[in-house]
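Dropping model-v4.cif in here (mmCIF, C-alpha atoms):
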```
data_input
loop_
_atom_site.label_atom_id
_atom_site.label_comp_id
_atom_site.auth_asym_id
_atom_site.auth_seq_id
_atom_site.Cartn_x
_atom_site.Cartn_y
_atom_site.Cartn_z
CA MET X 189 22.42 15.60 43.02
CA ASN X 190 25.09 18.21 42.30
CA LYS X 191 27.64 16.13 44.17
CA THR X 192 26.69 13.01 42.17
CA TYR X 193 26.90 14.97 38.95
CA ARG X 194 30.34 16.32 39.88
CA THR X 195 31.53 12.81 40.78
CA VAL X 196 30.38 11.33 37.47
CA THR X 197 31.83 14.30 35.55
CA GLY X 198 35.10 13.86 37.40
CA ILE X 199 35.26 10.14 36.55
CA ILE X 200 34.50 10.86 32.90
CA THR X 201 37.17 13.59 32.75
CA VAL X 202 39.78 11.27 34.24
CA MET X 203 38.82 8.51 31.81
CA MET X 204 39.02 10.88 28.83
CA LEU X 205 42.51 11.90 29.88
CA VAL X 206 43.50 8.25 30.30
CA VAL X 207 42.15 7.41 26.83
CA LEU X 208 44.03 10.32 25.27
CA LEU X 209 47.27 9.33 26.93
CA LEU X 210 46.88 5.60 26.25
CA SER X 211 45.88 6.01 22.63
CA GLY X 212 48.89 8.18 22.08
CA CYS X 213 51.48 5.72 23.30
CA ARG X 214 50.49 2.33 21.97
CA SER X 215 53.50 0.74 20.42
CA GLU X 216 56.15 -1.71 21.41
CA GLY X 217 58.66 -0.11 23.61
CA SER X 218 56.88 3.21 23.90
CA LYS X 219 56.58 4.92 27.25
CA GLU X 220 55.49 8.19 28.61
CA LYS X 221 57.21 10.21 31.21
CA LYS X 222 55.58 9.20 34.47
CA GLN X 223 55.27 12.72 35.80
CA GLU X 224 52.84 13.63 33.01
CA ALA X 225 50.51 10.79 33.91
CA GLU X 226 50.71 11.65 37.58
CA GLN X 227 49.65 15.27 37.25
CA GLY X 228 46.03 14.46 38.13
CA THR X 229 42.71 15.62 36.78
CA PRO X 230 42.90 18.60 34.41
CA LYS X 231 40.68 21.58 35.18
CA ASP X 232 40.23 22.80 31.66
CA LEU X 233 40.93 22.03 28.03
CA GLU X 234 44.02 24.22 27.97
CA ARG X 235 45.67 22.15 30.68
CA VAL X 236 44.78 18.89 28.90
CA GLN X 237 46.33 20.25 25.71
CA GLN X 238 49.41 21.34 27.60
CA GLU X 239 49.80 17.90 29.16
CA ILE X 240 49.46 16.18 25.82
CA LYS X 241 52.10 18.49 24.33
CA GLN X 242 54.48 17.63 27.14
CA ALA X 243 53.97 13.90 26.68
CA ASN X 244 57.10 12.41 25.21
CA LYS X 245 56.82 9.13 23.31
CA ILE X 246 59.94 7.03 23.32
CA PHE X 247 60.40 3.97 21.14
CA GLU X 248 63.24 1.53 21.80
CA ALA X 249 63.70 -0.33 18.51
CA LEU X 250 65.57 -3.62 18.76
CA PRO X 251 66.60 -5.35 15.54
CA SER X 252 63.70 -7.53 14.42
CA PRO X 253 64.25 -11.31 14.01
CA LEU X 254 64.34 -10.78 10.24
CA GLU X 255 67.07 -8.13 10.53
CA SER X 256 69.07 -10.30 12.97
CA ALA X 257 68.97 -13.23 10.54
CA MET X 258 69.94 -10.96 7.65
CA LEU X 259 72.97 -9.72 9.62
CA ILE X 260 74.18 -13.30 10.16
CA LYS X 261 73.78 -14.12 6.49
CA SER X 262 75.49 -10.93 5.32
CA ALA X 263 78.47 -11.73 7.57
CA GLY X 264 79.00 -14.82 5.42
CA ALA X 265 78.02 -17.39 8.05
CA PRO X 266 77.03 -20.88 6.90
CA PHE X 267 73.63 -22.46 7.64
CA ASP X 268 73.46 -25.10 10.35
CA LYS X 269 70.11 -26.57 11.39
CA LYS X 270 71.45 -27.88 14.68
CA PHE X 271 71.53 -24.37 16.19
CA LEU X 272 67.82 -23.77 15.62
CA ASN X 273 65.19 -24.57 18.24
CA PRO X 274 63.60 -27.82 17.00
CA VAL X 275 59.98 -27.35 15.92
CA GLU X 276 59.07 -30.42 17.97
CA ASN X 277 59.63 -28.28 21.08
CA ALA X 278 56.65 -26.09 20.16
CA LYS X 279 54.26 -28.42 22.00
CA LEU X 280 56.18 -27.82 25.25
CA TYR X 281 55.37 -24.13 25.30
CA THR X 282 52.10 -23.68 27.11
CA THR X 283 52.72 -20.56 29.21
CA SER X 284 52.54 -17.03 27.83
CA ARG X 285 56.20 -16.54 28.88
CA SER X 286 57.45 -19.47 26.80
CA GLN X 287 55.09 -18.71 23.91
CA ALA X 288 56.19 -15.06 23.69
CA LEU X 289 59.90 -15.85 23.90
CA ASN X 290 59.60 -18.66 21.38
CA LEU X 291 57.47 -16.62 18.98
CA GLY X 292 60.53 -14.35 18.67
CA LEU X 293 62.89 -17.30 18.59
CA TYR X 294 60.98 -19.27 15.96
CA THR X 295 60.54 -16.12 13.83
CA CYS X 296 64.31 -15.67 13.88
CA ASP X 297 64.84 -19.36 12.99
CA LEU X 298 62.24 -19.03 10.24
CA SER X 299 64.02 -15.94 8.84
CA PHE X 300 67.38 -17.70 9.04
CA ALA X 301 66.02 -20.77 7.18
CA SER X 302 64.41 -18.58 4.53
CA LEU X 303 67.66 -16.75 3.76
CA TYR X 304 69.36 -20.09 3.08
CA ASP X 305 66.53 -21.52 0.92
CA GLN X 306 65.63 -24.29 3.41
CA THR X 307 62.20 -24.83 1.88
CA GLN X 308 60.81 -27.54 4.18
CA LEU X 309 62.17 -25.80 7.29
CA ILE X 310 60.47 -22.55 6.23
CA ILE X 311 57.04 -24.23 6.32
CA ASP X 312 57.85 -26.06 9.57
CA TYR X 313 59.06 -22.93 11.35
CA MET X 314 56.13 -20.85 10.11
CA ASN X 315 53.82 -23.48 11.62
CA ALA X 316 55.78 -23.40 14.89
CA ALA X 317 55.55 -19.58 14.98
CA LYS X 318 51.82 -19.86 14.23
CA LYS X 319 51.40 -22.19 17.20
CA MET X 320 53.07 -19.61 19.48
CA ALA X 321 51.00 -16.71 18.08
CA ASP X 322 47.78 -18.71 18.42
CA GLY X 323 48.70 -19.59 22.01
CA LEU X 324 49.14 -15.91 22.80
CA GLY X 325 45.71 -15.19 21.29
CA ILE X 326 47.18 -13.12 18.46
CA LEU X 327 44.28 -13.36 16.08
CA ASP X 328 44.98 -13.78 12.39
CA ALA X 329 48.69 -12.91 12.62
CA ILE X 330 49.49 -16.15 10.83
CA ASP X 331 46.50 -17.91 9.30
CA GLN X 332 46.05 -20.80 6.89
CA LYS X 333 46.20 -18.35 3.99
CA THR X 334 49.68 -17.26 5.14
CA ILE X 335 50.90 -20.88 5.08
CA GLU X 336 49.36 -21.42 1.61
CA ASN X 337 50.91 -18.17 0.37
CA LEU X 338 54.26 -19.34 1.69
CA GLU X 339 53.93 -22.71 -0.05
CA GLU X 340 53.03 -21.03 -3.34
CA ASN X 341 56.09 -18.77 -3.12
CA ILE X 342 58.51 -21.25 -1.60
CA ASN X 343 61.16 -20.56 -4.24
CA ASN X 344 60.79 -16.80 -4.19
CA LYS X 345 63.05 -15.46 -1.44
CA ASP X 346 61.80 -11.87 -1.68
CA ALA X 347 58.17 -12.97 -1.38
CA ILE X 348 59.02 -15.18 1.61
CA MET X 349 60.78 -12.32 3.39
CA GLU X 350 57.77 -10.12 2.75
CA ILE X 351 55.46 -12.76 4.25
CA ILE X 352 57.68 -13.13 7.33
CA SER X 353 57.87 -9.36 7.75
CA GLU X 354 54.09 -9.06 7.46
CA THR X 355 53.36 -11.83 9.97
CA PHE X 356 55.76 -10.29 12.47
CA LEU X 357 54.16 -6.87 11.92
CA ASN X 358 50.72 -8.44 12.48
CA SER X 359 51.90 -10.02 15.74
CA ASN X 360 53.62 -7.05 17.30
CA SER X 361 51.03 -4.50 16.19
CA TYR X 362 48.29 -6.74 17.64
CA LEU X 363 50.12 -6.89 20.97
CA ALA X 364 50.76 -3.13 20.98
CA ASP X 365 47.16 -2.36 20.13
CA ASN X 366 45.86 -4.64 22.86
CA ASP X 367 47.89 -3.14 25.67
CA GLN X 368 50.38 -6.01 25.73
CA ASN X 369 53.56 -3.98 25.34
CA ALA X 370 55.38 -6.22 27.82
CA VAL X 371 54.59 -9.31 25.74
CA ALA X 372 55.68 -7.50 22.56
CA ALA X 373 58.98 -6.65 24.27
CA ILE X 374 59.45 -10.30 25.35
CA VAL X 375 58.89 -11.47 21.75
CA LEU X 376 61.55 -9.05 20.52
CA VAL X 377 64.03 -10.13 23.19
CA GLY X 378 63.45 -13.80 22.23
CA GLY X 379 64.24 -13.04 18.59
CA TRP X 380 67.29 -10.90 19.40
CA VAL X 381 68.80 -13.48 21.76
CA GLU X 382 68.24 -16.24 19.17
CA GLY X 383 70.09 -14.19 16.54
CA LEU X 384 72.95 -13.67 18.98
CA TYR X 385 72.93 -17.36 19.93
CA ILE X 386 73.07 -18.60 16.33
CA SER X 387 75.83 -16.16 15.39
CA THR X 388 78.02 -16.91 18.44
CA GLN X 389 77.66 -20.66 17.78
CA LEU X 390 78.62 -20.24 14.12
CA VAL X 391 81.90 -18.43 14.75
CA ASP X 392 84.91 -20.48 13.74
CA LEU X 393 87.38 -19.83 16.58
CA LYS X 394 90.28 -20.94 14.37
CA ASN X 395 89.63 -17.84 12.27
CA PHE X 396 88.83 -15.44 15.09
CA THR X 397 90.93 -12.46 14.04
CA ASP X 398 89.26 -10.11 11.54
CA ASN X 399 86.22 -12.37 11.53
CA LYS X 400 83.24 -10.50 10.02
CA LEU X 401 80.73 -12.47 12.07
CA VAL X 402 82.58 -11.56 15.29
CA ASN X 403 82.33 -7.90 14.30
CA THR X 404 78.59 -8.30 13.73
CA ILE X 405 78.27 -9.85 17.20
CA VAL X 406 80.29 -7.02 18.78
CA ASP X 407 77.96 -4.52 17.07
CA GLN X 408 75.15 -5.94 19.22
CA LYS X 409 76.76 -4.12 22.13
CA LEU X 410 75.15 -1.00 20.62
CA SER X 411 71.70 -2.53 21.16
CA ILE X 412 72.15 -3.63 24.76
CA GLN X 413 71.14 -0.27 26.25
CA ILE X 414 68.12 -0.12 23.93
CA LEU X 415 67.14 -3.59 25.10
CA VAL X 416 67.53 -2.69 28.79
CA ASN X 417 65.47 0.49 28.29
CA LEU X 418 62.79 -1.48 26.46
CA LEU X 419 62.54 -3.93 29.35
CA ASP X 420 62.72 -1.19 31.99
CA SER X 421 59.72 0.52 30.41
CA ASN X 422 57.75 -2.69 31.01
CA LYS X 423 59.03 -3.40 34.54
CA GLY X 424 56.63 -5.17 36.87
CA HIS X 425 55.77 -7.96 34.45
CA PRO X 426 57.27 -11.13 36.00
CA THR X 427 58.93 -12.35 32.79
CA VAL X 428 60.26 -8.88 32.01
CA ASP X 429 61.76 -8.64 35.53
CA GLU X 430 63.42 -12.02 35.01
CA LEU X 431 64.78 -10.89 31.62
CA ILE X 432 66.17 -7.68 33.11
CA SER X 433 68.49 -9.62 35.41
CA GLN X 434 69.53 -11.96 32.56
CA MET X 435 70.28 -8.99 30.32
CA GLN X 436 72.31 -7.33 33.07
CA GLU X 437 74.52 -10.42 33.08
CA LEU X 438 74.89 -10.14 29.32
CA ARG X 439 75.67 -6.44 29.58
CA THR X 440 78.43 -7.15 32.09
CA VAL X 441 80.17 -9.29 29.46
CA PHE X 442 79.54 -6.76 26.67
CA ASP X 443 81.14 -4.12 28.93
CA LYS X 444 84.42 -6.03 28.51
CA VAL X 445 84.25 -5.53 24.75
CA LYS X 446 85.75 -2.34 23.37
CA LEU X 447 83.74 -0.64 20.65
CA GLU X 448 84.66 2.94 19.84
CA THR X 449 83.14 4.89 17.00
CA GLY X 450 84.34 8.22 15.65
CA PRO X 451 82.29 11.28 14.65
CA VAL X 452 79.90 10.93 11.73
CA LYS X 453 80.14 12.86 8.48
CA THR X 454 77.30 12.68 5.97
CA GLU X 455 78.17 12.36 2.29
CA ILE X 456 76.12 11.50 -0.78
CA ASP X 457 76.97 8.50 -2.93
CA PRO X 458 76.65 10.01 -6.42
CA ALA X 459 76.03 6.61 -8.03
CA THR X 460 72.93 5.81 -5.99
CA ASN X 461 72.05 9.22 -4.54
CA THR X 462 72.04 7.56 -1.14
CA ALA X 463 73.52 9.23 1.94
CA ILE X 464 76.58 7.59 3.47
CA LEU X 465 77.21 8.12 7.16
CA LYS X 466 81.00 8.01 7.29
CA SER X 467 82.72 7.20 10.56
CA SER X 468 85.50 5.04 11.88
CA ALA X 469 85.12 2.18 14.38
CA LYS X 470 87.58 0.43 16.64
CA ILE X 471 86.70 -3.04 17.92
CA ASP X 472 88.62 -5.00 20.51
CA ILE X 473 87.46 -8.36 21.87
CA SER X 474 89.70 -11.11 23.20
CA ILE X 475 88.96 -14.75 22.48
CA GLU X 476 88.43 -15.32 26.23
CA VAL X 477 85.78 -12.61 26.42
CA PHE X 478 84.17 -13.99 23.26
CA LYS X 479 83.98 -17.45 24.84
CA GLU X 480 82.44 -15.93 27.97
CA LEU X 481 79.91 -14.08 25.83
CA THR X 482 79.07 -17.28 23.93
CA ALA X 483 78.53 -19.15 27.21
CA VAL X 484 76.28 -16.46 28.75
CA VAL X 485 74.21 -16.15 25.55
CA ALA X 486 73.82 -19.97 25.40
CA LYS X 487 72.76 -20.10 29.06
CA ILE X 488 70.10 -17.41 28.54
CA ARG X 489 68.87 -18.90 25.26
CA ASN X 490 68.66 -22.38 26.74
CA SER X 491 66.54 -21.02 29.57
CA PHE X 492 64.12 -19.78 26.87
CA VAL X 493 63.78 -23.08 25.02
CA LYS X 494 63.68 -25.60 27.85
CA MET M 1052 23.38 1.95 41.42
CA ARG M 1053 22.79 4.55 38.73
CA ILE M 1054 26.37 5.79 39.08
CA ALA M 1055 27.63 2.21 38.69
CA LYS M 1056 25.65 1.80 35.46
CA ILE M 1057 26.92 5.11 34.05
CA PHE M 1058 30.46 4.20 35.08
CA SER M 1059 30.23 0.77 33.37
CA ALA M 1060 28.80 2.29 30.20
CA PHE M 1061 31.59 4.86 29.99
CA THR M 1062 34.23 2.24 30.77
CA LEU M 1063 33.04 0.13 27.84
CA PHE M 1064 32.80 3.19 25.62
CA PHE M 1065 36.34 4.34 26.39
CA ILE M 1066 37.85 0.87 25.99
CA ALA M 1067 36.12 0.57 22.61
CA ALA M 1068 37.25 4.09 21.64
CA THR M 1069 40.86 3.35 22.59
CA LEU M 1070 40.95 0.06 20.67
CA SER M 1071 39.33 1.73 17.70
CA VAL M 1072 41.92 4.56 17.63
CA ASN M 1073 44.74 2.00 17.79
CA ALA M 1074 43.23 -0.24 15.13
CA GLN M 1075 42.95 2.82 12.87
CA CYS M 1076 46.61 3.61 13.51
CA LYS M 1077 47.65 0.07 12.60
CA ALA M 1078 45.57 0.14 9.41
CA PHE M 1079 47.04 3.55 8.53
CA ALA M 1080 50.61 2.33 9.10
CA LYS M 1081 50.03 -0.66 6.83
CA LYS M 1082 48.20 1.24 4.11
CA ASP M 1083 50.10 4.53 3.99
CA CYS M 1084 53.55 3.99 5.48
CA LEU M 1085 54.50 0.41 4.57
CA PRO M 1086 54.28 0.89 0.75
CA THR M 1087 56.75 3.81 0.89
CA LEU M 1088 59.50 1.37 1.97
CA SER M 1089 59.53 -0.45 -1.37
CA PRO M 1090 61.96 -1.75 -2.76
CA TYR M 1091 63.50 -2.18 0.72
CA THR M 1092 62.31 -5.07 2.95
CA HIS M 1093 60.34 -3.95 5.97
CA ASP M 1094 62.00 -5.22 9.17
CA GLY M 1095 58.60 -6.23 10.57
CA ASN M 1096 58.65 -3.89 13.58
CA TYR M 1097 55.70 -1.63 14.36
CA HIS M 1098 56.12 1.89 15.70
CA ALA M 1099 53.09 4.14 15.56
CA ALA M 1100 51.41 6.57 17.91
CA VAL M 1101 48.73 9.21 17.93
CA LEU M 1102 50.47 12.57 18.13
CA VAL M 1103 49.02 16.02 18.63
CA GLU M 1104 50.38 19.00 16.70
CA GLY M 1105 53.50 20.33 18.37
CA GLU M 1106 54.18 16.97 19.99
CA GLU M 1107 57.46 15.03 19.66
CA ALA M 1108 58.44 11.37 19.71
CA GLU M 1109 61.88 9.79 19.87
CA LEU M 1110 63.11 6.45 18.60
CA TYR M 1111 66.43 4.78 19.35
CA LYS M 1112 67.81 2.16 16.98
CA THR M 1113 71.10 0.57 16.02
CA PHE M 1114 71.89 0.69 12.32
CA TYR M 1115 74.42 -1.78 10.94
CA SER M 1116 77.22 -1.22 8.49
CA ASP M 1117 76.26 -4.27 6.40
CA MET M 1118 72.86 -2.85 5.50
CA GLU M 1119 71.29 -0.06 3.52
CA TYR M 1120 68.29 1.52 5.19
CA ARG M 1121 65.20 3.47 4.33
CA VAL M 1122 63.36 5.24 7.12
CA ALA M 1123 59.76 6.25 6.48
CA VAL M 1124 57.85 8.67 8.71
CA VAL M 1125 54.27 9.26 7.61
CA GLY M 1126 51.52 11.23 9.36
CA GLU M 1127 47.79 11.14 8.73
CA GLY M 1128 46.48 13.71 6.24
CA LYS M 1129 44.69 15.77 8.91
CA LEU M 1130 48.02 16.56 10.59
CA PRO M 1131 50.32 19.42 9.63
CA ALA M 1132 53.73 18.52 8.19
CA VAL M 1133 55.67 15.89 10.14
CA GLU M 1134 59.31 16.76 10.68
CA PHE M 1135 61.95 14.12 11.37
CA SER M 1136 65.65 14.30 12.12
CA ILE M 1137 68.38 11.72 12.56
CA ILE M 1138 70.79 12.57 15.37
CA ASP M 1139 74.01 10.88 16.50
CA GLU M 1140 75.28 10.34 20.04
CA ASN M 1141 77.03 13.74 19.99
CA LYS M 1142 73.71 15.43 19.18
CA ASN M 1143 74.81 16.23 15.63
CA VAL M 1144 71.89 16.39 13.22
CA LEU M 1145 72.83 14.09 10.35
CA TYR M 1146 69.64 14.66 8.40
CA THR M 1147 66.42 16.59 8.73
CA ASN M 1148 63.56 16.33 6.27
CA LYS M 1149 62.79 20.00 6.98
CA ASP M 1150 65.61 20.79 4.53
CA HIS M 1151 64.07 18.45 1.95
CA ASN M 1152 60.50 19.69 1.72
CA TYR M 1153 59.36 17.38 4.55
CA ALA M 1154 60.18 14.25 2.55
CA LYS M 1155 58.57 11.14 4.01
CA THR M 1156 61.55 8.85 3.46
CA TRP M 1157 65.33 8.96 3.68
CA ASP M 1158 67.78 6.37 2.33
CA PHE M 1159 71.17 5.89 3.93
CA LYS M 1160 73.99 3.46 4.64
CA LEU M 1161 76.77 3.49 7.21
CA GLU M 1162 80.50 2.95 7.13
CA SER M 1163 80.39 1.59 10.69
CA SER M 1164 77.45 0.49 12.84
CA LYS M 1165 75.89 3.22 15.00
CA GLN M 1166 73.11 3.77 17.46
CA LEU M 1167 71.14 6.78 16.26
CA LYS M 1168 68.17 8.74 17.50
CA LEU M 1169 65.20 9.61 15.32
CA VAL M 1170 63.23 12.62 16.49
CA VAL M 1171 59.77 13.11 15.04
CA LYS M 1172 57.84 16.31 15.53
CA VAL M 1173 54.40 17.23 14.31
CA SER M 1174 54.56 20.89 13.34
CA SER M 1175 51.81 23.27 14.37
CA PHE M 1176 49.11 25.10 12.43
CA ASN M 1177 49.73 27.94 14.91
CA LYS M 1178 46.15 29.01 15.48
CA PRO M 1179 45.84 29.90 19.17
CA GLY M 1180 42.58 28.81 20.79
CA ASP M 1181 41.86 26.07 18.23
CA VAL M 1182 41.64 22.47 19.33
CA PRO M 1183 44.98 21.02 18.16
CA ALA M 1184 44.85 18.46 15.37
CA SER M 1185 45.83 14.91 16.28
CA GLY M 1186 46.45 11.84 14.20
CA CYS M 1187 48.50 8.75 13.72
CA VAL M 1188 52.19 8.95 12.87
CA ALA M 1189 53.92 5.77 11.72
CA ILE M 1190 57.67 5.15 11.69
CA MET M 1191 58.97 2.17 9.72
CA PHE M 1192 62.35 0.88 8.59
CA GLY M 1193 63.25 -1.03 5.47
CA PHE M 1194 66.60 -2.62 4.78
CA LYS M 1195 68.60 -4.46 2.15
CA VAL M 1196 72.06 -5.94 2.15
CA LYS M 1197 74.70 -3.43 1.12
CA LYS M 1198 76.07 -4.03 -2.36
#
```
Kindly transcribe the structure held in the file into structure tokens.
Amino acid sequence: MNKTYRTVTGIITVMMLVVLLLSGCRSEGSKEKKQEAEQGTPKDLERVQQEIKQANKIFEALPSPLESAMLIKSAGAPFDKKFLNPVENAKLYTTSRSQALNLGLYTCDLSFASLYDQTQLIIDYMNAAKKMADGLGILDAIDQKTIENLEENINNKDAIMEIISETFLNSNSYLADNDQNAVAAIVLVGGWVEGLYISTQLVDLKNFTDNKLVNTIVDQKLSIQILVNLLDSNKGHPTVDELISQMQELRTVFDKVKLETGPVKTEIDPATNTAILKSSAKIDISIEVFKELTAVVAKIRNSFVK
Amino acid sequence: MRIAKIFSAFTLFFIAATLSVNAQCKAFAKKDCLPTLSPYTHDGNYHAAVLVEGEEAELYKTFYSDMEYRVAVVGEGKLPAVEFSIIDENKNVLYTNKDHNYAKTWDFKLESSKQLKLVVKVSSFNKPGDVPASGCVAIMFGFKVKK
């Protein structure tokens, strides 16, 4: 009887520890240092507390699809529908891999369309994103009310951006809360690659030097390590493993791009009372490397949409 | 047989408890953190975790020179003050809310794009022997195009 009691108590203790650790790290891109999880069953409360204190949550935050689209727009790029993934393709995506990637992709396309006041496309892309979210079982991320709300505010850009932001928050928080961090990471990668694809396609090579959009693309080099870390923390998922090798290829090209930033000095803008992080940056990318980057990004993106 | 039943019951209980804690965190992030971003547009990303007093979390993000940002770090009321710092790649602390009465938000813009680290730490009530307080901490980013 004592042995049975000890066994059950042991199981319960282990499960309590697992719940504490799991509940503490639910978020896209979060991970805990493996050694903490591997320390075994705690013997007393003090040790549990100590282990929790040692746990280190790490978030790898990629630019969201909305931020990626905003960066393209702020670089002065024109709108071109032909670089978006046609909504008709939505019916082709029946696996969780394609649905997760294209949820990110369509959310980026939706954001891009909304920033350029493409009213009909906004509705179409929201419906395509809804189809992907529904396929992934993300309950109520985008419902009929969202579509109606969008239609009612179709000429109000701020309201549309708020709706897009909220639906994306609903999707990724649902995935994080339901232990689907790998899927959440795949969605983010889909959106980030789509932003990079659209921007590389929109660059006018005749005006390559001092091109603001090229600088925005080069800045994405800063996110490559974050992206690799995000994927690494979800290793073992077949789609994530596939993405890791694709992103390594992309990183190899980004390694040929020179991006040096100087030390940061914080100052306050007296007009707005906002802090300015002052630093210099040196960017160097040849047109050949840019073409190589464009080709690799297109190859990866096309593998997502086929 | 009895052990199997007890095991199943506890499994269900713990799954339900975990989902409940996470759902609470999501609701908290939306209700208490999201509104503090206004008038900036939330980027749509979700970063929240249950932290225990004394515990730290780190977040890595690239911030772009074309944007103005607001970072919001909000902890549940039952937690002691939540400290956050922004650190560059040379480990220089660019901002800490500890010097600003533990403000929940910070607005900033950049001259050139940078990858920065955000370190969040729940301070401690410092009462040895007490069960440490734990609660949800949400980190959110808002942005707008630089004028």
For X:Ser467, work out the shell of residues within 7 Å, counting all atoms listed in the file and skipping chain neighbours fewer than 5 positions away, then give it as a ChimeraX atom specification.
/X:449-453 /M:1162-1163
Would you kindly translate the PyMOL selection byres ((chain X) within 7 of (chain M)) into the concrete residues it picks from this file, as a PyMOL selection string?
chain X and resi 207+211-216+241+244-250+252+254-255+262+350+353-354+356-357+360-361+365+407+410-411+414+454+462-469
I need the output of the PyMOL selection byres ((chain X and resi 279-291) around 10) for this file as a ChimeraX atom specification; which residues are they?
/X:253,273,275-278,292-297,314,316-325,356,359,370-382,426-428,489,491-494
Any idea what the distance is between atom CA of X:Ala263 and atom CA of X:Leu419?
28.1 Å
Run the PyMOL selection byres ((chain M and resi 1129) around 9) against the file shown and list the residues it catches, as a compact mmCIF listing (two decimals) with C-alpha atoms, in the frame of the given file.
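That gives us expr23.txt:
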```txt
# COMPACT_ATOMS: atom_id res chain seq x y z
CA GLY M 1126 51.52 11.23 9.36
CA GLU M 1127 47.79 11.14 8.73
CA GLY M 1128 46.48 13.71 6.24
CA LEU M 1130 48.02 16.56 10.59
CA PRO M 1131 50.32 19.42 9.63
CA ALA M 1184 44.85 18.46 15.37
CA SER M 1185 45.83 14.91 16.28
CA GLY M 1186 46.45 11.84 14.20
```
For X:Gln332, which residue out of X:Lys345, X:Lys470, X:Thr355, X:Ala364 is the nearest one, using all atoms listed in the file?
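Answer, going by the shortest atom-to-atom distance: X:Thr355.
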Please measure the separation of atom CA of M:Asp1083 and atom CA of X:Ser299, giving the value in Å to one decimal.
25.2 Å
Name all residues at most 6 Å from stretch 443-447 of chain X (count only C-alpha atoms; drop same-chain ones fewer than 6 positions away) and give them as JSON, numbers by chain.
{"X": [470, 471, 472, 473]}
Neighbouring residues of X:Phe267 were defined as those with any atom within 12 Å, considering only C-alpha atoms; residues of the same chain fewer than 5 positions away were excluded. Please report them as a list in words.
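Here the answer would be Ala257, Ile260, Lys261, Ser262, Leu272, Asp297, Ser299, Phe300, Ala301, Ser302, Leu303, Tyr304, Asp305, Gln306, Leu309, Ile386, Ser387, Gln389, Leu390 and Val391 of chain X.
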Near stretch 392-398 of chain X, counting only C-alpha atoms, which residues have an atom at most 10 Å away, once you skip same-chain residues fewer than 6 positions from it, shown as a PyMOL selection string?
chain X and resi 265+471+473-475+478-479
Residue selection dump (C-alpha atoms) as a short mmCIF file (atom, residue, chain, number, x, y, z; two decimals), keeping the file's coordinate frame:
```cif
data_model
loop_
_atom_site.label_atom_id
_atom_site.label_comp_id
_atom_site.auth_asym_id
_atom_site.auth_seq_id
_atom_site.Cartn_x
_atom_site.Cartn_y
_atom_site.Cartn_z
CA ALA X 265 78.02 -17.39 8.05
CA ILE X 471 86.70 -3.04 17.92
CA ILE X 473 87.46 -8.36 21.87
CA SER X 474 89.70 -11.11 23.20
CA ILE X 475 88.96 -14.75 22.48
CA PHE X 478 84.17 -13.99 23.26
CA LYS X 479 83.98 -17.45 24.84
#
```
Atomic distance atom CA of X:Glu480 - atom CA of X:Leu438, expressed in Å with one decimal:
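Separating atom CA of X:Glu480 from atom CA of X:Leu438 is a distance of 9.6 Å.
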